[in-house]
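Heads up, run.csv below (CSV, C-alpha atoms):
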chain,number,residue,atom,x,y,z
E,9,MET,CA,11.2,-8.3,-12.7
E,10,LEU,CA,14.9,-7.6,-13.3
E,11,GLN,CA,14.9,-4.7,-10.8
E,12,ARG,CA,13.4,-7.0,-8.1
E,13,LEU,CA,15.9,-9.7,-8.9
E,14,LEU,CA,18.9,-7.3,-8.6
E,15,SER,CA,17.5,-5.9,-5.3
E,16,THR,CA,17.1,-9.5,-3.9
E,17,LEU,CA,20.6,-10.5,-5.0
E,18,TRP,CA,22.0,-7.3,-3.4
E,19,HIS,CA,20.8,-8.7,0.0
E,20,LEU,CA,22.2,-12.2,-0.6
E,21,LEU,CA,25.6,-11.8,-2.3
E,22,PRO,CA,28.6,-10.8,-0.2
E,23,LEU,CA,29.8,-8.1,-2.5
E,24,PRO,CA,33.2,-6.2,-1.9
E,25,CYS,CA,33.3,-2.6,-0.8
E,26,CYS,CA,32.7,-0.4,-3.8
E,27,LEU,CA,35.4,2.0,-2.7
E,28,CYS,CA,38.4,0.1,-1.4
E,29,GLY,CA,37.6,-3.4,-2.8
E,30,LEU,CA,37.9,-5.1,0.6
E,31,LYS,CA,35.2,-7.4,2.0
E,32,SER,CA,32.0,-5.5,2.7
E,33,ASP,CA,30.9,-5.8,6.4
E,34,THR,CA,27.9,-3.4,6.3
E,35,ASP,CA,24.5,-3.2,4.6
E,36,TYR,CA,25.9,-0.5,2.2
E,37,ASN,CA,28.4,-2.7,0.3
E,38,LEU,CA,31.0,-0.5,2.0
E,39,CYS,CA,33.5,-1.5,4.6
E,40,LEU,CA,33.2,0.2,8.0
E,41,ASP,CA,36.1,2.6,7.3
E,42,CYS,CA,34.7,3.7,4.0
E,43,GLN,CA,31.2,4.1,5.4
E,44,ALA,CA,32.5,6.3,8.2
E,45,SER,CA,34.4,8.5,5.8
E,46,LEU,CA,31.3,9.4,3.7
E,47,PRO,CA,29.9,12.9,4.1
E,48,TRP,CA,26.5,12.0,5.6
E,49,GLN,CA,24.2,14.9,6.2
E,50,GLN,CA,23.2,15.7,9.8
E,51,HIS,CA,21.8,19.0,10.9
E,52,VAL,CA,20.5,20.7,7.8
E,53,CYS,CA,17.6,22.8,6.6
E,54,GLN,CA,14.6,20.5,6.1
E,55,GLN,CA,13.6,22.3,2.9
E,56,CYS,CA,16.8,22.9,1.1
E,57,ALA,CA,19.3,20.7,3.0
E,58,VAL,CA,22.0,23.3,3.5
E,59,ALA,CA,24.1,22.8,6.6
E,60,LEU,CA,22.9,24.6,9.7
E,61,PRO,CA,24.6,25.4,13.0
E,62,GLU,CA,23.7,23.0,15.7
E,63,THR,CA,21.8,25.7,17.6
E,64,ALA,CA,19.7,26.6,14.6
E,65,GLY,CA,16.1,25.5,14.0
E,66,ILE,CA,14.9,23.2,11.2
E,67,SER,CA,14.8,25.7,8.4
E,68,CYS,CA,17.3,28.3,7.1
E,69,GLY,CA,16.5,32.0,6.8
E,70,PRO,CA,15.9,32.0,3.0
E,71,CYS,CA,13.5,29.1,3.2
E,72,LEU,CA,11.6,30.8,6.1
E,73,GLN,CA,11.4,34.1,4.1
E,74,ARG,CA,10.4,32.4,0.8
E,75,PRO,CA,9.2,28.8,1.3
E,76,PRO,CA,9.8,26.5,-1.7
E,77,MET,CA,7.0,24.6,-3.4
E,78,HIS,CA,8.3,21.3,-1.9
E,79,THR,CA,7.8,20.6,1.8
E,80,GLN,CA,11.0,18.6,2.5
E,81,LEU,CA,14.3,17.9,0.8
E,82,LEU,CA,16.0,14.7,2.0
E,83,ALA,CA,19.6,14.2,0.9
E,84,ALA,CA,21.7,11.4,2.3
E,85,PHE,CA,25.1,13.1,1.7
E,86,PHE,CA,26.8,16.3,0.9
E,87,TYR,CA,28.2,16.2,-2.7
E,88,GLN,CA,31.9,15.9,-2.0
E,89,GLY,CA,34.7,13.4,-1.7
E,90,ALA,CA,33.9,9.8,-2.4
E,91,ILE,CA,30.2,10.5,-3.0
E,92,GLU,CA,31.0,12.8,-5.9
E,93,SER,CA,33.1,10.1,-7.5
E,94,LEU,CA,30.5,7.4,-7.0
E,95,ILE,CA,27.7,9.5,-8.4
E,96,TYR,CA,29.8,10.5,-11.4
E,97,HIS,CA,30.6,6.8,-12.1
E,98,PHE,CA,26.9,5.9,-11.7
E,99,LYS,CA,25.7,8.7,-14.0
E,100,PHE,CA,28.3,8.7,-16.7
E,101,GLY,CA,30.2,5.4,-16.4
E,102,GLN,CA,27.4,2.8,-16.9
E,103,GLY,CA,27.8,2.1,-13.1
E,104,LEU,CA,24.4,0.5,-12.4
E,105,ASP,CA,26.1,-1.5,-9.6
E,106,THR,CA,27.2,1.7,-8.0
E,107,GLY,CA,23.7,3.1,-8.4
E,108,LEU,CA,22.4,0.1,-6.3
E,109,VAL,CA,24.8,1.0,-3.5
E,110,LEU,CA,23.8,4.7,-3.6
E,111,ALA,CA,20.1,3.7,-3.6
E,112,LYS,CA,20.7,1.6,-0.5
E,113,CYS,CA,22.4,4.5,1.3
E,114,LEU,CA,19.5,6.8,0.5
E,115,TYR,CA,17.1,4.1,1.6
E,116,GLN,CA,18.8,3.8,5.0
E,117,TYR,CA,18.9,7.5,5.4
E,118,LEU,CA,15.2,7.8,4.7
E,119,LEU,CA,14.4,5.3,7.4
E,120,THR,CA,16.1,7.5,10.0
E,121,LYS,CA,13.6,10.3,9.4
E,122,PRO,CA,10.4,10.2,11.4
E,123,ARG,CA,7.2,10.5,9.4
E,124,GLN,CA,3.5,9.8,9.6
E,125,ARG,CA,3.1,8.3,6.2
E,126,TRP,CA,5.0,7.7,3.0
E,127,PRO,CA,4.2,9.4,-0.3
E,128,ASP,CA,1.5,8.0,-2.6
E,129,CYS,CA,4.1,7.5,-5.3
E,130,LEU,CA,7.6,8.2,-6.5
E,131,ILE,CA,8.4,10.4,-9.5
E,132,PRO,CA,11.9,10.1,-10.9
E,133,VAL,CA,13.1,13.3,-12.6
E,134,PRO,CA,12.6,12.3,-16.3
E,135,LEU,CA,15.2,12.6,-19.0
E,136,HIS,CA,14.4,13.7,-22.5
E,137,VAL,CA,14.3,10.8,-24.9
E,138,LYS,CA,17.4,12.0,-26.8
E,139,ARG,CA,19.5,12.0,-23.6
E,140,LEU,CA,18.0,8.8,-22.5
E,141,ARG,CA,19.0,7.1,-25.7
E,142,LYS,CA,22.5,8.5,-25.5
E,143,ARG,CA,23.1,7.5,-21.8
E,144,GLY,CA,21.1,4.2,-21.9
E,145,TYR,CA,19.2,4.7,-18.7
E,146,ASN,CA,17.8,7.4,-16.4
E,147,GLN,CA,19.8,7.4,-13.2
E,148,ALA,CA,16.9,8.9,-11.3
E,149,ALA,CA,14.6,6.1,-12.4
E,150,GLU,CA,17.2,3.5,-11.4
E,151,LEU,CA,17.3,4.9,-7.9
E,152,GLY,CA,13.6,5.2,-7.8
E,153,LYS,CA,13.0,1.6,-8.9
E,154,HIS,CA,15.1,0.3,-6.0
E,155,LEU,CA,13.4,2.6,-3.5
E,156,ALA,CA,9.9,1.6,-4.7
E,157,CYS,CA,10.8,-2.1,-4.3
E,158,TRP,CA,12.2,-1.7,-0.8
E,159,LEU,CA,9.5,0.8,0.5
E,160,SER,CA,6.6,-0.8,-1.3
E,161,ILE,CA,5.6,2.5,-2.9
E,162,PRO,CA,4.3,2.8,-6.5
E,163,ILE,CA,6.7,4.4,-9.0
E,164,HIS,CA,5.4,6.4,-12.0
E,165,LEU,CA,7.9,6.2,-14.8
E,166,HIS,CA,5.8,7.8,-17.5
E,167,SER,CA,3.3,10.1,-15.8
E,168,CYS,CA,5.8,13.0,-16.1
E,169,GLN,CA,7.7,13.5,-19.3
E,170,ARG,CA,10.5,15.8,-20.3
E,171,VAL,CA,9.2,17.5,-23.5
E,172,HIS,CA,12.0,20.0,-24.2
E,173,HIS,CA,15.6,18.8,-24.9
E,174,THR,CA,17.3,21.5,-22.8
E,175,PRO,CA,21.0,22.0,-22.5
E,176,ALA,CA,22.5,20.2,-19.5
E,177,GLN,CA,22.2,22.3,-16.3
E,178,THR,CA,26.0,21.9,-15.7
E,179,ARG,CA,26.6,24.0,-18.8
E,180,ILE,CA,24.3,26.8,-17.7
E,181,ALA,CA,25.3,29.6,-15.4
E,182,PRO,CA,23.3,29.3,-12.0
E,183,ARG,CA,21.4,32.6,-12.7
E,184,ASP,CA,20.1,31.1,-16.0
E,185,ARG,CA,19.1,27.6,-14.9
E,186,ARG,CA,15.5,28.4,-14.0
E,187,ARG,CA,14.9,30.0,-17.4
E,188,ASN,CA,16.6,26.9,-19.1
E,189,MET,CA,14.1,24.6,-17.4
E,190,HIS,CA,10.9,26.6,-18.0
E,191,GLY,CA,8.3,24.4,-19.7
E,192,ALA,CA,10.6,21.4,-19.8
E,193,PHE,CA,8.1,19.0,-18.2
E,194,LYS,CA,4.6,17.7,-18.9
E,195,VAL,CA,2.4,15.8,-16.5
E,196,SER,CA,-0.1,13.3,-17.8
E,197,PRO,CA,-3.8,14.4,-17.4
E,198,GLN,CA,-4.5,11.0,-16.0
E,199,PHE,CA,-2.0,11.4,-13.1
E,200,LYS,CA,-3.8,11.5,-9.8
E,201,ALA,CA,-1.8,11.8,-6.5
E,202,LYS,CA,-1.8,14.1,-3.5
E,203,HIS,CA,1.5,13.3,-2.0
E,204,VAL,CA,4.6,12.5,-4.1
E,205,ALA,CA,8.4,12.2,-3.7
E,206,ILE,CA,10.6,13.4,-6.6
E,207,ILE,CA,13.7,11.2,-7.0
E,208,ASP,CA,17.1,12.5,-8.3
E,209,ASP,CA,20.8,11.8,-7.8
E,210,VAL,CA,22.0,15.3,-7.0
E,211,TYR,CA,20.3,18.6,-5.9
E,212,THR,CA,22.2,21.8,-6.7
E,213,SER,CA,20.3,25.0,-7.5
E,214,GLY,CA,16.9,23.3,-7.5
E,215,SER,CA,15.9,24.7,-10.9
E,216,THR,CA,15.0,21.3,-12.3
E,217,THR,CA,13.0,20.1,-9.4
E,218,ARG,CA,11.4,23.5,-9.0
E,219,GLU,CA,10.0,23.3,-12.5
E,220,LEU,CA,8.8,19.8,-12.0
E,221,CYS,CA,7.2,20.8,-8.7
E,222,ARG,CA,5.4,23.6,-10.5
E,223,MET,CA,3.9,21.2,-13.0
E,224,LEU,CA,2.9,18.7,-10.4
E,225,LYS,CA,1.2,21.4,-8.3
E,226,ARG,CA,-0.8,22.4,-11.5
E,227,ALA,CA,-1.8,18.7,-11.7
E,228,GLY,CA,-3.3,18.8,-8.2
E,229,VAL,CA,-0.5,17.4,-6.1
E,230,GLU,CA,-0.6,19.0,-2.6
E,231,THR,CA,2.6,17.7,-0.9
E,232,ILE,CA,5.9,17.2,-2.6
E,233,GLU,CA,9.1,15.8,-1.1
E,234,ILE,CA,12.4,15.6,-2.9
E,235,TRP,CA,14.7,12.6,-2.2
E,236,VAL,CA,18.3,12.8,-3.5
E,237,VAL,CA,21.5,11.0,-2.9
E,238,ALA,CA,23.5,14.2,-2.4
E,239,ARG,CA,23.1,17.9,-1.9
E,240,ALA,CA,25.6,20.0,-3.9
E,241,GLY,CA,26.5,23.7,-3.7
E,242,LEU,CA,26.0,26.2,-6.4
E,243,GLY,CA,28.6,25.9,-9.1
E,244,SER,CA,29.0,22.1,-8.8
E,245,ARG,CA,29.7,20.3,-12.0
E,246,SER,CA,26.7,18.0,-11.5
E,247,GLY,CA,23.2,18.5,-10.3
E,248,SER,CA,19.6,19.7,-10.8
Written as structure tokens, how would this file's structure read?
Amino acid sequence: MLQRLLSTLWHLLPLPCCLCGLKSDTDYNLCLDCQASLPWQQHVCQQCAVALPETAGISCGPCLQRPPMHTQLLAAFFYQGAIESLIYHFKFGQGLDTGLVLAKCLYQYLLTKPRQRWPDCLIPVPLHVKRLRKRGYNQAAELGKHLACWLSIPIHLHSCQRVHHTPAQTRIAPRDRRRNMHGAFKVSPQFKAKHVAIIDDVYTSGSTTRELCRMLKRAGVETIEIWVVARAGLGSRSGS
């Protein structure tokens, strides 16, 4: 109920730009100058969202040679500049209002991508209960709730659980991140879906979502998309 009320008020109230504080004149709660300055993704690999030359195809070489378990990675932005600051505030500064703006940006980006059908449900990357209690909310779930409301797609907040309290990926060397996440998730035996979208704030090495994909595949899911606000490079301070 609260999520739907916030989403409705978002459309009705003339909020200021979340970056410069001036009057917002777009649907992103950003002024036109700030919107234009954001690092929107354009020509990128459809499976890992790394930038590609304009003359390249839809997939990069590594993804062609070794296709990932997910079919598509959709990231609205590159993780840099103002987006990095906004995500950091959303994730660690109790910035739920900022999360609403980021969710709207991702929503608008998703609408630009042609598709035949939407996923059966949304799966936010779960937090372990200890980290959830410390932070107060799961940033992936907050994004997912808004998207579920705007797209009329069911969201599953409890079908996937984080059962191991692993060290934060930002504290782990890139080469060790996959091992850190092994066995971290559990999917409910009652979960039934063939096409899902995993929701998160930032995608970096892919170790977190790769492990979640592995468990969802074991549960019978056939098609997995990943939707994130931003795509970071290896070595970033934030990401999954």
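At a cut-off of 12 Å from (14.1, 28.7, 5.8), the residue set is Val52, Cys53, Gln54, Gln55, Cys56, Ala57, Val58, Ala59, Leu60, Ala64, Gly65, Ile66, Ser67, Cys68, Gly69, Pro70, Cys71, Leu72, Gln73, Arg74, Pro75, Pro76, Thr79, Gln80 and Leu81 of chain E (counting all atoms listed in the file).
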Original post:
segment 120-122 of chain E: which residues within 12 Å, counting only C-alpha atoms, same-chain residues fewer than 2 positions away excluded, as a PyMOL selection string?
Top reply: chain E and resi 49-50+54+80-84+113-118+124-126+235
**OP:** For Ala90 of chain E, list every protein, DNA or RNA residue within 9 Å, evaluated using only C-alpha atoms, and leave out those in the same chain fewer than 4 positions away; present the list as a list in words.
**Re:** Leu27, Cys42, Ser45, Leu46, Pro47, Leu94 and Ile95 of chain E
Original post:
Contacts of Gly29 of chain E at 12 Å or less, counting only C-alpha atoms, minus same-chain residues fewer than 5 places along, as an NGL selection string?
Top reply: :E and (22-24 or 37-39 or 41-42)
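Of the listed residues E:Ile232, E:Leu130, E:Ala240, E:Leu108, the one whose atoms come nearest to Ser213 of chain E is E:Ala240, with distances taken using all atoms listed in the file.
Each of E:Met77, E:Arg141, E:Ile161, E:Asp105 was compared to Arg222 of chain E using all atoms listed in the file, and E:Met77 turns out to be the nearest.
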**OP:** Considering all atoms listed in the file, return as a ChimeraX atom specification whatever protein or nucleic-acid residues lie within 12 Å of Gly103 of chain E, sequence-local ones (same chain, fewer than 3 positions apart) excluded.
**Re:** /E:26,93-100,106-110,143-147,150
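For the pair atom CA of Leu224 of chain E and atom CA of Tyr211 of chain E, the interatomic distance is 18.0 Å.
Note that atom CA of Val237 of chain E and atom CA of Ser196 of chain E are 26.3 Å apart.
Taking all atoms listed in the file into account, the residues near (12.0, 10.4, -11.0), no farther than 6 Å, are Ile131, Pro132, Val133, Pro134, Ala148, Ala149, Ile206 and Ile207 of chain E.
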**OP:** For atom CA of Gly214 of chain E and atom CA of Arg239 of chain E, determine how far apart the two atoms are, in Å to one decimal place.
**Re:**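 So the two atoms, atom CA of Gly214 of chain E and atom CA of Arg239 of chain E, lie 9.9 Å apart.
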